[in-house]
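> Contents are mmCIF, C-alpha atoms; file name input.cif:
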data_entry
loop_
_atom_site.label_atom_id
_atom_site.label_comp_id
_atom_site.auth_asym_id
_atom_site.auth_seq_id
_atom_site.Cartn_x
_atom_site.Cartn_y
_atom_site.Cartn_z
CA CYS C 1 -22.60 24.99 -30.95
CA SER C 2 -22.23 24.02 -27.34
CA GLN C 3 -21.25 27.61 -26.48
CA LEU C 4 -24.70 28.71 -27.62
CA ARG C 5 -26.46 26.27 -25.39
CA GLN C 6 -24.49 27.26 -22.36
CA GLN C 7 -26.24 30.45 -21.32
CA PRO C 8 -24.83 31.39 -17.95
CA GLU C 9 -26.78 29.38 -15.41
CA ALA C 10 -28.67 31.52 -12.92
CA PRO C 11 -26.41 31.50 -9.84
CA LEU C 12 -27.75 29.04 -7.29
CA VAL C 13 -29.29 30.78 -4.31
CA PHE C 14 -28.77 29.10 -0.95
CA ASP C 15 -31.94 28.74 1.15
CA ALA C 16 -31.16 28.14 4.81
CA ARG C 17 -34.70 26.92 5.57
CA GLN C 18 -34.43 24.15 2.97
CA ALA C 19 -31.01 23.07 4.25
CA GLN C 20 -32.28 23.21 7.83
CA ALA C 21 -35.18 20.88 7.01
CA LEU C 22 -32.76 18.17 5.92
CA GLN C 23 -32.38 15.97 9.01
CA GLN C 24 -31.47 12.63 7.42
CA TRP C 25 -28.93 12.76 4.62
CA SER C 26 -25.76 11.25 3.26
CA ALA C 27 -22.94 13.06 1.49
CA GLU C 28 -20.28 11.39 -0.64
CA GLY C 29 -17.14 13.07 -1.89
CA ARG C 30 -13.57 13.84 -0.87
CA ILE C 31 -11.81 15.54 1.99
CA GLY C 32 -8.38 17.17 2.01
CA ILE C 33 -6.72 17.99 5.32
CA ARG C 34 -3.62 20.15 5.65
CA TRP C 35 -1.82 21.21 8.80
CA SER C 36 1.72 21.99 9.84
CA GLN C 37 2.95 18.40 10.14
CA ASP C 38 1.06 16.57 7.44
CA SER C 39 -1.51 16.58 4.71
CA GLN C 40 -3.94 13.85 3.79
CA SER C 41 -6.70 13.35 1.28
CA ALA C 42 -9.36 10.67 1.34
CA ASN C 43 -12.72 9.66 -0.06
CA LEU C 44 -15.47 10.73 2.32
CA TYR C 45 -18.83 9.16 3.06
CA TRP C 46 -20.95 10.86 5.76
CA HIS C 47 -24.35 9.51 6.77
CA GLN C 48 -26.39 11.51 9.28
CA ALA C 49 -29.72 10.46 10.78
CA ASP C 50 -30.82 13.20 13.19
CA ALA C 51 -28.06 13.22 15.81
CA GLN C 52 -26.49 9.85 14.87
CA TYR C 53 -23.71 9.79 12.31
CA ARG C 54 -21.50 7.33 10.46
CA ILE C 55 -18.42 8.68 8.70
CA ARG C 56 -16.10 6.66 6.46
CA LEU C 57 -12.78 7.84 5.07
CA THR C 58 -10.85 5.68 2.60
CA GLY C 59 -7.61 6.44 0.85
CA PRO C 60 -6.67 5.60 -2.76
CA LEU C 61 -6.83 1.85 -3.57
CA GLY C 62 -8.95 1.23 -0.49
CA GLN C 63 -6.12 2.02 1.90
CA GLY C 64 -6.11 3.96 5.14
CA GLY C 65 -9.69 3.19 6.01
CA LEU C 66 -11.24 5.04 8.94
CA ARG C 67 -14.71 4.61 10.45
CA ILE C 68 -16.31 6.98 12.97
CA ASP C 69 -19.73 6.03 14.39
CA GLY C 70 -21.34 8.46 16.79
CA THR C 71 -24.37 9.52 18.80
CA PRO C 72 -24.77 12.76 20.79
CA ASN C 73 -22.97 11.28 23.81
CA SER C 74 -20.65 8.55 22.50
CA VAL C 75 -18.35 7.97 19.56
CA SER C 76 -16.25 5.05 18.33
CA LEU C 77 -13.36 5.30 15.89
CA LYS C 78 -11.71 2.38 14.09
CA ARG C 79 -8.82 2.43 11.60
CA SER C 80 -7.93 -0.32 9.12
CA GLY C 81 -4.81 -2.09 10.26
CA ASP C 82 -5.48 -1.30 13.93
CA ASN C 83 -7.59 -3.87 15.69
CA THR C 84 -8.69 -1.76 18.67
CA VAL C 85 -11.94 0.19 18.52
CA HIS C 86 -11.38 3.53 20.25
CA HIS C 87 -14.26 4.98 22.30
CA ALA C 88 -14.83 8.43 23.76
CA ALA C 89 -17.58 10.79 24.83
CA THR C 90 -16.87 13.31 22.09
CA PRO C 91 -15.21 12.82 18.70
CA GLU C 92 -12.94 15.88 18.72
CA ALA C 93 -10.46 14.75 21.38
CA LEU C 94 -10.34 11.23 19.94
CA MET C 95 -9.69 12.47 16.39
CA GLN C 96 -6.97 14.86 17.60
CA GLU C 97 -5.24 12.09 19.53
CA LEU C 98 -5.44 9.44 16.79
CA LEU C 99 -5.32 11.46 13.60
CA GLY C 100 -3.48 14.64 14.57
CA TRP C 101 -6.37 16.81 13.37
CA HIS C 102 -10.01 17.17 14.29
CA LEU C 103 -13.20 18.55 12.89
CA PRO C 104 -15.89 19.57 15.38
CA LEU C 105 -18.42 17.05 14.10
CA THR C 106 -21.27 18.40 16.23
CA GLN C 107 -20.96 21.74 14.38
CA ALA C 108 -19.73 20.32 11.07
CA ARG C 109 -23.03 18.46 10.79
CA TYR C 110 -24.57 21.92 10.10
CA TRP C 111 -21.59 23.49 8.31
CA ILE C 112 -21.61 20.75 5.65
CA ARG C 113 -25.20 21.74 4.79
CA GLY C 114 -24.22 25.41 4.56
CA LEU C 115 -25.58 26.37 7.99
CA PRO C 116 -23.96 27.78 11.12
CA ALA C 117 -24.46 25.45 14.11
CA PRO C 118 -27.39 26.60 16.30
CA ASP C 119 -25.59 26.11 19.63
CA SER C 120 -23.10 29.01 19.49
CA ARG C 121 -22.66 32.55 18.14
CA PHE C 122 -21.52 33.01 14.58
CA GLU C 123 -20.38 36.01 12.60
CA GLN C 124 -21.72 36.31 9.06
CA LEU C 125 -18.85 37.51 6.85
CA THR C 126 -19.64 37.61 3.13
CA GLU C 127 -22.56 36.71 0.92
CA GLN C 128 -20.98 37.33 -2.50
CA PRO C 129 -19.18 36.06 -4.41
CA VAL C 130 -18.92 33.31 -1.83
CA ARG C 131 -20.88 32.82 1.39
CA SER C 132 -18.72 32.65 4.51
CA PHE C 133 -19.01 32.96 8.27
CA LYS C 134 -16.93 32.44 11.39
CA GLN C 135 -17.97 30.13 14.26
CA ALA C 136 -16.17 28.42 17.18
CA GLY C 137 -12.82 29.75 15.98
CA TRP C 138 -13.35 28.36 12.46
CA HIS C 139 -13.61 30.31 9.23
CA ILE C 140 -16.05 28.52 6.88
CA GLU C 141 -16.66 29.39 3.23
CA TYR C 142 -18.64 27.86 0.39
CA PRO C 143 -16.84 28.30 -2.96
CA ARG C 144 -19.32 26.05 -4.82
CA LEU C 145 -23.00 25.16 -4.48
CA THR C 146 -25.01 22.46 -6.21
CA ARG C 147 -28.63 21.51 -6.68
CA ALA C 148 -29.40 18.16 -5.04
CA ALA C 149 -32.46 16.50 -3.53
CA GLY C 150 -34.61 19.39 -4.66
CA ARG C 151 -32.57 21.96 -2.72
CA VAL C 152 -29.42 23.99 -3.03
CA LEU C 153 -26.57 22.49 -0.98
CA PRO C 154 -22.81 23.01 -0.80
CA ALA C 155 -20.58 21.20 -3.32
CA LYS C 156 -17.33 22.58 -1.90
CA LEU C 157 -16.45 23.82 1.60
CA ARG C 158 -13.22 25.39 2.81
CA LEU C 159 -12.72 25.34 6.62
CA ARG C 160 -9.76 27.03 8.31
CA ARG C 161 -8.64 27.29 11.92
CA ASP C 162 -5.09 28.29 12.94
CA ASP C 163 -2.80 26.20 10.71
CA LEU C 164 -5.44 23.58 9.97
CA ARG C 165 -7.14 23.80 6.55
CA ILE C 166 -9.83 21.30 5.49
CA ILE C 167 -11.46 21.21 2.06
CA VAL C 168 -14.55 19.08 1.50
CA ILE C 169 -15.84 18.30 -1.99
CA ILE C 170 -19.30 16.71 -2.16
CA ASN C 171 -20.08 14.83 -5.37
CA GLU C 172 -23.35 13.35 -4.25
CA TRP C 173 -26.05 14.27 -1.75
CA ALA C 174 -28.78 11.77 -0.88
CA THR C 175 -31.70 12.45 1.45
CA ARG C 176 -33.83 10.10 3.55
CA THR C 177 -36.14 9.37 0.67
CA GLU C 178 -33.25 8.08 -1.41
CA LEU C 179 -31.38 6.35 1.41
CA SER N 1 4.41 -22.85 -6.24
CA PRO N 2 1.83 -20.05 -6.35
CA VAL N 3 4.60 -17.51 -5.67
CA THR N 4 6.62 -18.64 -8.70
CA GLU N 5 3.45 -18.76 -10.83
CA LEU N 6 2.48 -15.24 -9.77
CA ASP N 7 6.04 -14.08 -10.29
CA ALA N 8 6.01 -15.45 -13.84
CA LEU N 9 2.63 -13.84 -14.55
CA LEU N 10 3.46 -10.43 -13.11
CA SER N 11 7.13 -9.89 -13.62
CA GLY N 12 7.42 -11.00 -17.21
CA HIS N 13 7.34 -7.35 -18.32
CA GLU N 14 9.08 -4.10 -17.53
CA ALA N 15 6.02 -1.85 -17.72
CA ALA N 16 2.25 -2.02 -18.09
CA ARG N 17 -0.59 0.33 -18.91
CA ALA N 18 -4.36 -0.11 -18.33
CA ASN N 19 -7.67 1.66 -17.83
CA PHE N 20 -9.33 1.02 -14.48
CA THR N 21 -12.69 1.26 -12.79
CA GLN N 22 -12.71 1.03 -9.03
CA PHE N 23 -15.83 -0.13 -7.20
CA ALA N 24 -16.47 0.11 -3.50
CA LEU N 25 -18.44 -2.84 -2.17
CA ASN N 26 -20.27 -1.83 0.95
CA SER N 27 -21.01 -4.28 3.75
CA ASP N 28 -24.19 -5.55 2.06
CA GLY N 29 -22.05 -6.19 -1.01
CA ASN N 30 -23.68 -4.02 -3.64
CA ARG N 31 -21.31 -2.24 -6.00
CA ALA N 32 -21.17 1.54 -5.87
CA GLU N 33 -18.99 2.75 -8.72
CA ASP N 34 -16.25 4.75 -7.15
CA SER N 35 -13.85 6.08 -9.68
CA SER N 36 -12.25 5.41 -13.02
CA GLY N 37 -9.14 6.44 -14.89
CA HIS N 38 -5.90 4.93 -16.19
CA PHE N 39 -2.46 4.03 -14.92
CA VAL N 40 1.04 3.28 -16.21
CA VAL N 41 3.49 1.30 -14.06
CA ALA N 42 7.17 0.53 -14.69
CA ARG N 43 9.65 -1.41 -12.60
CA PRO N 44 11.18 -0.92 -10.21
CA ASN N 45 8.84 1.51 -8.47
CA ARG N 46 7.51 4.08 -10.93
CA PHE N 47 3.90 4.70 -11.77
CA ARG N 48 1.39 7.35 -12.85
CA TRP N 49 -2.11 6.74 -11.48
CA VAL N 50 -4.68 9.16 -12.93
CA THR N 51 -8.24 9.19 -11.59
CA GLU N 52 -10.53 10.97 -14.08
CA THR N 53 -14.02 10.60 -12.61
CA PRO N 54 -15.84 11.57 -10.44
CA PHE N 55 -12.86 13.72 -9.43
CA VAL N 56 -9.44 14.40 -10.90
CA GLN N 57 -6.44 13.11 -8.97
CA GLU N 58 -2.93 12.21 -10.08
CA ILE N 59 -0.51 10.03 -8.11
CA VAL N 60 2.95 9.93 -9.69
CA SER N 61 5.98 8.02 -8.48
CA ASP N 62 9.34 8.66 -10.09
CA GLY N 63 10.93 5.95 -7.92
CA ASP N 64 12.30 8.46 -5.40
CA PHE N 65 9.21 10.48 -4.52
CA ILE N 66 5.46 9.96 -4.75
CA TRP N 67 3.49 13.09 -5.72
CA ILE N 68 -0.24 13.31 -5.02
CA HIS N 69 -1.98 16.13 -6.91
CA ASP N 70 -5.59 16.89 -6.03
CA PRO N 71 -6.67 20.01 -8.00
CA ASP N 72 -10.13 20.15 -6.41
CA LEU N 73 -8.65 19.85 -2.93
CA GLU N 74 -6.00 22.41 -3.93
CA GLN N 75 -3.35 20.06 -2.65
CA VAL N 76 0.01 18.80 -3.90
CA THR N 77 1.87 16.45 -1.55
CA ARG N 78 5.28 14.89 -2.03
CA LYS N 79 6.27 11.82 -0.01
CA PRO N 80 9.41 9.65 -0.22
CA ALA N 81 8.75 6.53 -2.27
CA ASN N 82 10.51 4.09 0.06
CA GLY N 83 9.79 0.67 -1.37
CA GLN N 84 9.13 -0.97 1.98
CA ASN N 85 5.80 0.50 3.02
CA ASN N 86 4.67 0.64 -0.55
CA SER N 87 1.02 -0.26 -0.89
CA ALA N 88 0.35 -3.89 -1.71
CA PRO N 89 -1.73 -3.12 -4.83
CA ALA N 90 1.13 -0.97 -6.21
CA MET N 91 3.61 -3.75 -5.45
CA ILE N 92 1.36 -6.25 -7.24
CA LEU N 93 1.09 -4.09 -10.34
CA ASN N 94 4.83 -3.54 -10.17
CA GLY N 95 5.45 -7.29 -10.06
CA GLN N 96 7.35 -7.10 -6.71
CA ILE N 97 6.23 -10.62 -5.84
CA GLU N 98 9.33 -11.54 -3.84
CA GLN N 99 8.74 -8.63 -1.43
CA LEU N 100 5.02 -9.40 -1.31
CA SER N 101 5.70 -13.01 -0.32
CA GLU N 102 7.55 -11.70 2.74
CA ARG N 103 4.37 -9.94 3.89
CA PHE N 104 1.62 -12.16 2.48
CA ASP N 105 0.85 -15.86 2.26
CA ILE N 106 0.13 -16.35 -1.47
CA ALA N 107 -2.20 -19.20 -2.45
CA ARG N 108 -3.86 -20.35 -5.64
CA ILE N 109 -7.53 -20.88 -4.91
CA ASN N 110 -8.94 -22.35 -8.10
CA ALA N 111 -8.04 -25.14 -10.42
CA SER N 112 -7.32 -23.30 -13.65
CA GLU N 113 -9.77 -24.31 -16.35
CA ASN N 114 -10.01 -22.25 -19.54
CA GLY N 115 -7.03 -20.15 -18.44
CA VAL N 116 -8.69 -18.41 -15.49
CA ALA N 117 -6.51 -18.29 -12.37
CA LEU N 118 -7.47 -16.82 -8.98
CA TYR N 119 -4.84 -16.05 -6.34
CA GLU N 120 -5.40 -14.98 -2.77
CA LEU N 121 -2.99 -13.01 -0.58
CA LYS N 122 -3.46 -13.11 3.17
CA PRO N 123 -1.27 -11.03 5.49
CA LEU N 124 1.25 -13.08 7.52
CA ASP N 125 0.97 -10.58 10.38
CA ALA N 126 -2.83 -10.28 10.39
CA GLU N 127 -2.75 -8.25 13.63
CA ASN N 128 -2.01 -4.85 12.08
CA ALA N 129 -2.32 -5.45 8.38
CA THR N 130 -4.17 -2.83 6.35
CA PHE N 131 -5.63 -5.44 4.05
CA THR N 132 -7.10 -8.65 5.43
CA ARG N 133 -7.39 -10.20 1.98
CA ILE N 134 -6.38 -9.42 -1.60
CA ARG N 135 -7.51 -11.47 -4.58
CA LEU N 136 -6.08 -11.39 -8.09
CA LEU N 137 -7.99 -12.70 -11.07
CA PHE N 138 -6.06 -13.62 -14.21
CA GLU N 139 -7.54 -14.34 -17.59
CA GLY N 140 -4.75 -16.06 -19.47
CA GLU N 141 -1.61 -14.00 -18.93
CA ARG N 142 -3.49 -10.85 -18.07
CA ILE N 143 -4.57 -9.62 -14.67
CA SER N 144 -8.18 -8.48 -14.94
CA GLU N 145 -9.35 -7.91 -11.38
CA LEU N 146 -7.82 -6.98 -8.05
CA SER N 147 -10.12 -7.04 -5.03
CA MET N 148 -9.07 -5.86 -1.58
CA GLU N 149 -10.72 -6.11 1.82
CA ASP N 150 -9.50 -4.05 4.77
CA SER N 151 -9.92 -4.76 8.47
CA LEU N 152 -13.01 -2.51 8.55
CA GLY N 153 -14.72 -4.88 6.17
CA GLN N 154 -14.58 -2.27 3.43
CA ARG N 155 -14.02 -3.99 0.11
CA SER N 156 -12.90 -2.34 -3.07
CA MET N 157 -12.46 -3.90 -6.46
CA LEU N 158 -10.25 -2.73 -9.27
CA VAL N 159 -11.32 -3.86 -12.73
CA LEU N 160 -8.70 -3.45 -15.43
CA ASP N 161 -9.23 -3.33 -19.16
CA ASP N 162 -7.13 -2.64 -22.25
CA LEU N 163 -4.15 -3.93 -20.27
CA GLU N 164 -1.00 -3.53 -22.35
CA TYR N 165 2.41 -4.92 -21.33
CA ASP N 166 5.60 -2.92 -22.14
CA PRO N 167 3.67 -0.07 -23.79
CA GLU N 168 5.32 2.87 -25.54
CA LEU N 169 6.28 5.20 -22.65
CA GLU N 170 6.11 8.91 -23.45
CA GLU N 171 8.97 11.17 -22.36
CA GLY N 172 8.63 12.21 -18.70
CA VAL N 173 5.55 10.03 -18.04
CA PHE N 174 6.84 9.44 -14.48
CA ALA N 175 7.88 13.02 -13.85
CA PHE N 176 5.60 15.42 -11.99
CA ILE N 177 5.78 19.18 -12.44
CA PRO N 178 3.70 21.02 -9.81
CA PRO N 179 1.20 23.41 -11.43
CA GLU N 180 1.94 27.16 -11.41
CA GLY N 181 1.43 28.70 -7.99
CA ALA N 182 0.56 25.44 -6.24
CA ASP N 183 2.13 25.19 -2.81
CA VAL N 184 3.65 21.79 -2.38
CA ILE N 185 3.58 20.03 0.99
CA LEU N 186 6.81 18.12 1.53
CA ASP N 187 5.80 15.20 3.70
CA PRO N 188 8.89 13.60 5.25
CA GLY N 189 7.00 10.29 5.48
CA GLN N 190 7.44 7.82 8.34
#
Step by step, read the file and then write its structure as structure tokens.

Amino acid sequence: CSQLRQQPEAPLVFDARQAQALQQWSAEGRIGIRWSQDSQSANLYWHQADAQYRIRLTGPLGQGGLRIDGTPNSVSLKRSGDNTVHHAATPEALMQELLGWHLPLTQARYWIRGLPAPDSRFEQLTEQPVRSFKQAGWHIEYPRLTRAAGRVLPAKLRLRRDDLRIIVIINEWATRTEL
Amino acid sequence: SPVTELDALLSGHEAARANFTQFALNSDGNRAEDSSGHFVVARPNRFRWVTETPFVQEIVSDGDFIWIHDPDLEQVTRKPANGQNNSAPAMILNGQIEQLSERFDIARINASENGVALYELKPLDAENATFTRIRLLFEGERISELSMEDSLGQRSMLVLDDLEYDPELEEGVFAFIPPEGADVILDPGQ
């Protein structure tokens, strides 16, 4: 009888104001990165408190750990199995140099919540069936939304730029109250 | 010696099957359940590692290649399965104790009462080792827990249950057929 109970859920409607109001949050899930030379997948933990962030990536069986800690003007990156802590002003150059790919974290902090970043122009592309927009040379789309922390937030993001494709799956959102 | 003891415990079988739950222990040590699923391993270097929750992921090694299939991430990757840089946990489950003893100092860290034995592996070249410590807990002949700590202080623990040695292996259990239409990334590996 489960088919009876499953009336089609009303499609979740994204509300930018609600997502915007979320300043302290953490997202847990997975990230898949594919570009010409390589592809990786890892578990993702991203904690953001206003402009400060802490990002953890771990591979299967706790391997390939990566930790990025950042503030608006400084970032440190440390990998398991490499004793040096790498520092830089911005994360993008450091990630590109050490990982071979980068995600513009300053913008991705908004993209992950379903929002274009406020600091540069963006081009709204589609609303249905999937929301998408272009910003800073990236094409961002939201194939899946979820209800979490009393708001509608992305559960799956697909980001593309040149030959780099990043997919982010978010299993769990937590906001300041639950941190 | 601990190496011969571990060798006897872990290489007395050709294959093994178990269900697993993997916990991440964050720096303040509380357990966040990470994932669960099951695995089958067979010597020399074949395994099928299936994560079922909270996401689906399959890692299959046929001895020559390791396939990683992530349906949600729309990704299939194939990497050569060269034994050398095989991950320590996989080598443990595969009973490759000889090779492990070349990379890790293996010590027994408890006096075994009531059949419980705890072993600790510490990397010989601590400088650039992925794991700074691995512990194996045995109850009788059976391995029940594997805990790993990496140089970022991130600890994860693998709890095994329904462990079965030399199980019935279905046909093609270590073969991977990419799903229809999936584009496979051939990673040449290091």
> Apply the PyMOL selection byres ((chain C) within 6 of (chain N)) to the structure shown and report the selected residues as a PyMOL selection string.
chain C and resi 32+62+80-82+167
> What residues have an atom no more than 10 Å from (-23.5, 22.4, 4.7) in the file's own frame, counting only C-alpha atoms, and can you write them as an mmCIF file with C-alpha atoms, in the coordinates of the input?

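This is the output file out_2.cif:
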data_model
loop_
_atom_site.group_PDB
_atom_site.id
_atom_site.type_symbol
_atom_site.label_atom_id
_atom_site.label_comp_id
_atom_site.auth_asym_id
_atom_site.auth_seq_id
_atom_site.Cartn_x
_atom_site.Cartn_y
_atom_site.Cartn_z
ATOM 1 C CA ALA C 16 -31.160 28.140 4.810
ATOM 2 C CA ALA C 19 -31.010 23.070 4.250
ATOM 3 C CA GLN C 20 -32.280 23.210 7.830
ATOM 4 C CA ALA C 27 -22.940 13.060 1.490
ATOM 5 C CA ALA C 108 -19.730 20.320 11.070
ATOM 6 C CA ARG C 109 -23.030 18.460 10.790
ATOM 7 C CA TYR C 110 -24.570 21.920 10.100
ATOM 8 C CA TRP C 111 -21.590 23.490 8.310
ATOM 9 C CA ILE C 112 -21.610 20.750 5.650
ATOM 10 C CA ARG C 113 -25.200 21.740 4.790
ATOM 11 C CA GLY C 114 -24.220 25.410 4.560
ATOM 12 C CA LEU C 115 -25.580 26.370 7.990
ATOM 13 C CA PRO C 116 -23.960 27.780 11.120
ATOM 14 C CA ALA C 117 -24.460 25.450 14.110
ATOM 15 C CA ILE C 140 -16.050 28.520 6.880
ATOM 16 C CA GLU C 141 -16.660 29.390 3.230
ATOM 17 C CA TYR C 142 -18.640 27.860 0.390
ATOM 18 C CA LEU C 145 -23.000 25.160 -4.480
ATOM 19 C CA VAL C 152 -29.420 23.990 -3.030
ATOM 20 C CA LEU C 153 -26.570 22.490 -0.980
ATOM 21 C CA PRO C 154 -22.810 23.010 -0.800
ATOM 22 C CA ALA C 155 -20.580 21.200 -3.320
ATOM 23 C CA LYS C 156 -17.330 22.580 -1.900
ATOM 24 C CA LEU C 157 -16.450 23.820 1.600
ATOM 25 C CA ILE C 170 -19.300 16.710 -2.160
#
> Excluding same-chain residues fewer than 3 positions from N:Glu139, what lies within 8 Å of it counting all atoms listed in the file, as a list in words?
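Surrounding residues, per the criterion: Gly115, Val116, Ala117, Arg142, Ile143 and Ser144 of chain N.
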> Run the PyMOL selection byres ((chain N and resi 37) around 6) on the file and write out the hits as a PDB file with C-alpha atoms, keeping the file's coordinate frame.

ATOM      1  CA  ASN N  19      -7.670   1.660 -17.830  1.00  0.00           C
ATOM      2  CA  PHE N  20      -9.330   1.020 -14.480  1.00  0.00           C
ATOM      3  CA  SER N  36     -12.250   5.410 -13.020  1.00  0.00           C
ATOM      4  CA  HIS N  38      -5.900   4.930 -16.190  1.00  0.00           C
ATOM      5  CA  VAL N  50      -4.680   9.160 -12.930  1.00  0.00           C
ATOM      6  CA  THR N  51      -8.240   9.190 -11.590  1.00  0.00           C
ATOM      7  CA  GLU N  52     -10.530  10.970 -14.080  1.00  0.00           C
TER       8      GLU N  52
END
> If we count only C-alpha atoms, what is near C:Glu97 at a cut-off of 12 Å, once residues fewer than 6 positions away on the same chain are taken out, given as a list in words?
Leu77, His86, His87, Ala88, Thr90 and Pro91 of chain C
> Let me have the centre and edge lengths of the axis-aligned box enclosing all listed atoms of stretch 73-84 of chain N with 6 Å padding on every side, in Å to one decimal, as JSON.

{"center_x": 0.9, "center_y": 10.7, "center_z": -1.0, "size_x": 31.2, "size_y": 35.4, "size_z": 17.9}
> Mind checking which residues fall within 12 Å of C:Arg121, counting all atoms listed in the file, ignoring those fewer than 4 positions away in the same chain, and posting them as number ranges by chain?
C: 107, 116-117, 133-138
> How far is it from atom CA of C:Leu125 to atom CA of C:Arg17, in Å with one decimal?
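Atom CA of C:Leu125 sits 19.1 Å away from atom CA of C:Arg17.
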> So that I can see what lies close to stretch 37-51 of chain C, please list as a compact mmCIF listing (two decimals) with C-alpha atoms, in the coordinates of the input the residues with an atom at most 7 Å from it, counting only C-alpha atoms and leaving out residues fewer than 2 positions away in the same chain.

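Below you can see part-v2.txt, which holds the result:
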# COMPACT_ATOMS: atom_id res chain seq x y z
CA GLN C 23 -32.38 15.97 9.01
CA GLN C 24 -31.47 12.63 7.42
CA TRP C 25 -28.93 12.76 4.62
CA SER C 26 -25.76 11.25 3.26
CA ALA C 27 -22.94 13.06 1.49
CA GLU C 28 -20.28 11.39 -0.64
CA GLY C 29 -17.14 13.07 -1.89
CA ARG C 30 -13.57 13.84 -0.87
CA ILE C 31 -11.81 15.54 1.99
CA GLY C 32 -8.38 17.17 2.01
CA ILE C 33 -6.72 17.99 5.32
CA ARG C 34 -3.62 20.15 5.65
CA TRP C 35 -1.82 21.21 8.80
CA TYR C 53 -23.71 9.79 12.31
CA ARG C 54 -21.50 7.33 10.46
CA ILE C 55 -18.42 8.68 8.70
CA ARG C 56 -16.10 6.66 6.46
CA LEU C 57 -12.78 7.84 5.07
CA THR C 58 -10.85 5.68 2.60
CA GLY C 59 -7.61 6.44 0.85
CA THR C 71 -24.37 9.52 18.80
CA PRO C 72 -24.77 12.76 20.79
CA ASP N 187 5.80 15.20 3.70
> Tell me which of N:Pro71, N:Pro2, N:Val40, N:Glu14 sits closest to N:Asp183, counting all atoms listed in the file.
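Residue with the minimum atom-to-atom distance to N:Asp183: N:Pro71.
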> Tell me which protein, DNA and RNA residues are within 10 Å of N:Leu169, counting all atoms listed in the file, leaving out same-chain ones fewer than 2 positions away, and put them as a short mmCIF file (atom, residue, chain, number, x, y, z; two decimals) with C-alpha atoms, keeping the file's coordinate frame.

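For reference, part_14.cif as written:
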data_model
loop_
_atom_site.label_atom_id
_atom_site.label_comp_id
_atom_site.auth_asym_id
_atom_site.auth_seq_id
_atom_site.Cartn_x
_atom_site.Cartn_y
_atom_site.Cartn_z
CA ALA N 15 6.02 -1.85 -17.72
CA ALA N 16 2.25 -2.02 -18.09
CA ARG N 17 -0.59 0.33 -18.91
CA VAL N 40 1.04 3.28 -16.21
CA VAL N 41 3.49 1.30 -14.06
CA ALA N 42 7.17 0.53 -14.69
CA ASP N 166 5.60 -2.92 -22.14
CA PRO N 167 3.67 -0.07 -23.79
CA GLU N 171 8.97 11.17 -22.36
CA GLY N 172 8.63 12.21 -18.70
CA VAL N 173 5.55 10.03 -18.04
CA PHE N 174 6.84 9.44 -14.48
#
> State, in Å with one decimal place, the distance from atom CA of N:Asp105 to atom CA of C:Arg79.
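Here the two named atoms are 22.7 Å from each other.
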> Pick the closest to C:Arg144 from C:Ala89, C:Leu66, C:Val168, C:Val75: which is it, counting all atoms listed in the file?
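Once distances to C:Arg144 are computed over all atoms listed in the file, the minimum belongs to C:Val168.
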> Restricting the calculation to all atoms listed in the file: of C:Ala148, C:Ala174, C:Ile169, C:Ile68, which residue gets closest to C:Phe14?
C:Ala148
> Please write as a list in words the full residue list that the PyMOL selection byres ((chain N and resi 9) around 9) yields on this file.
Thr4, Glu5, Leu6, Asp7, Ala8, Leu10, Ser11, Gly12, His13, Gly95, Phe138, Glu141, Arg142 and Ile143 of chain N
> Would you pull stretch 163-172 of chain N out of the block just shown and save N, CA and C atoms as a short mmCIF file (atom, residue, chain, number, x, y, z; two decimals), in the first residue's frame?

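Output saved as out-v6.cif:
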data_model
loop_
_atom_site.label_atom_id
_atom_site.label_comp_id
_atom_site.auth_asym_id
_atom_site.auth_seq_id
_atom_site.Cartn_x
_atom_site.Cartn_y
_atom_site.Cartn_z
N LEU N 163 31.31 -11.42 10.58
CA LEU N 163 32.51 -11.77 9.79
C LEU N 163 32.49 -13.27 9.49
N GLU N 164 32.70 -13.59 8.22
CA GLU N 164 32.70 -14.99 7.79
C GLU N 164 33.96 -15.25 6.99
N TYR N 165 34.74 -16.28 7.39
CA TYR N 165 35.96 -16.59 6.63
C TYR N 165 35.63 -17.59 5.54
N ASP N 166 36.33 -17.47 4.39
CA ASP N 166 36.12 -18.35 3.21
C ASP N 166 34.65 -18.54 2.93
N PRO N 167 33.91 -17.45 2.70
CA PRO N 167 32.48 -17.58 2.39
C PRO N 167 32.28 -18.14 0.98
N GLU N 168 31.07 -18.48 0.67
CA GLU N 168 30.68 -18.88 -0.69
C GLU N 168 30.80 -17.62 -1.56
N LEU N 169 31.63 -17.68 -2.62
CA LEU N 169 31.81 -16.47 -3.45
C LEU N 169 30.96 -16.60 -4.71
N GLU N 170 30.03 -15.62 -4.92
CA GLU N 170 29.21 -15.76 -6.14
C GLU N 170 30.09 -15.49 -7.36
N GLU N 171 29.62 -15.99 -8.49
CA GLU N 171 30.26 -15.81 -9.79
C GLU N 171 30.45 -14.29 -10.05
N GLY N 172 31.65 -13.88 -10.43
CA GLY N 172 31.86 -12.50 -10.84
C GLY N 172 31.76 -11.49 -9.72
#
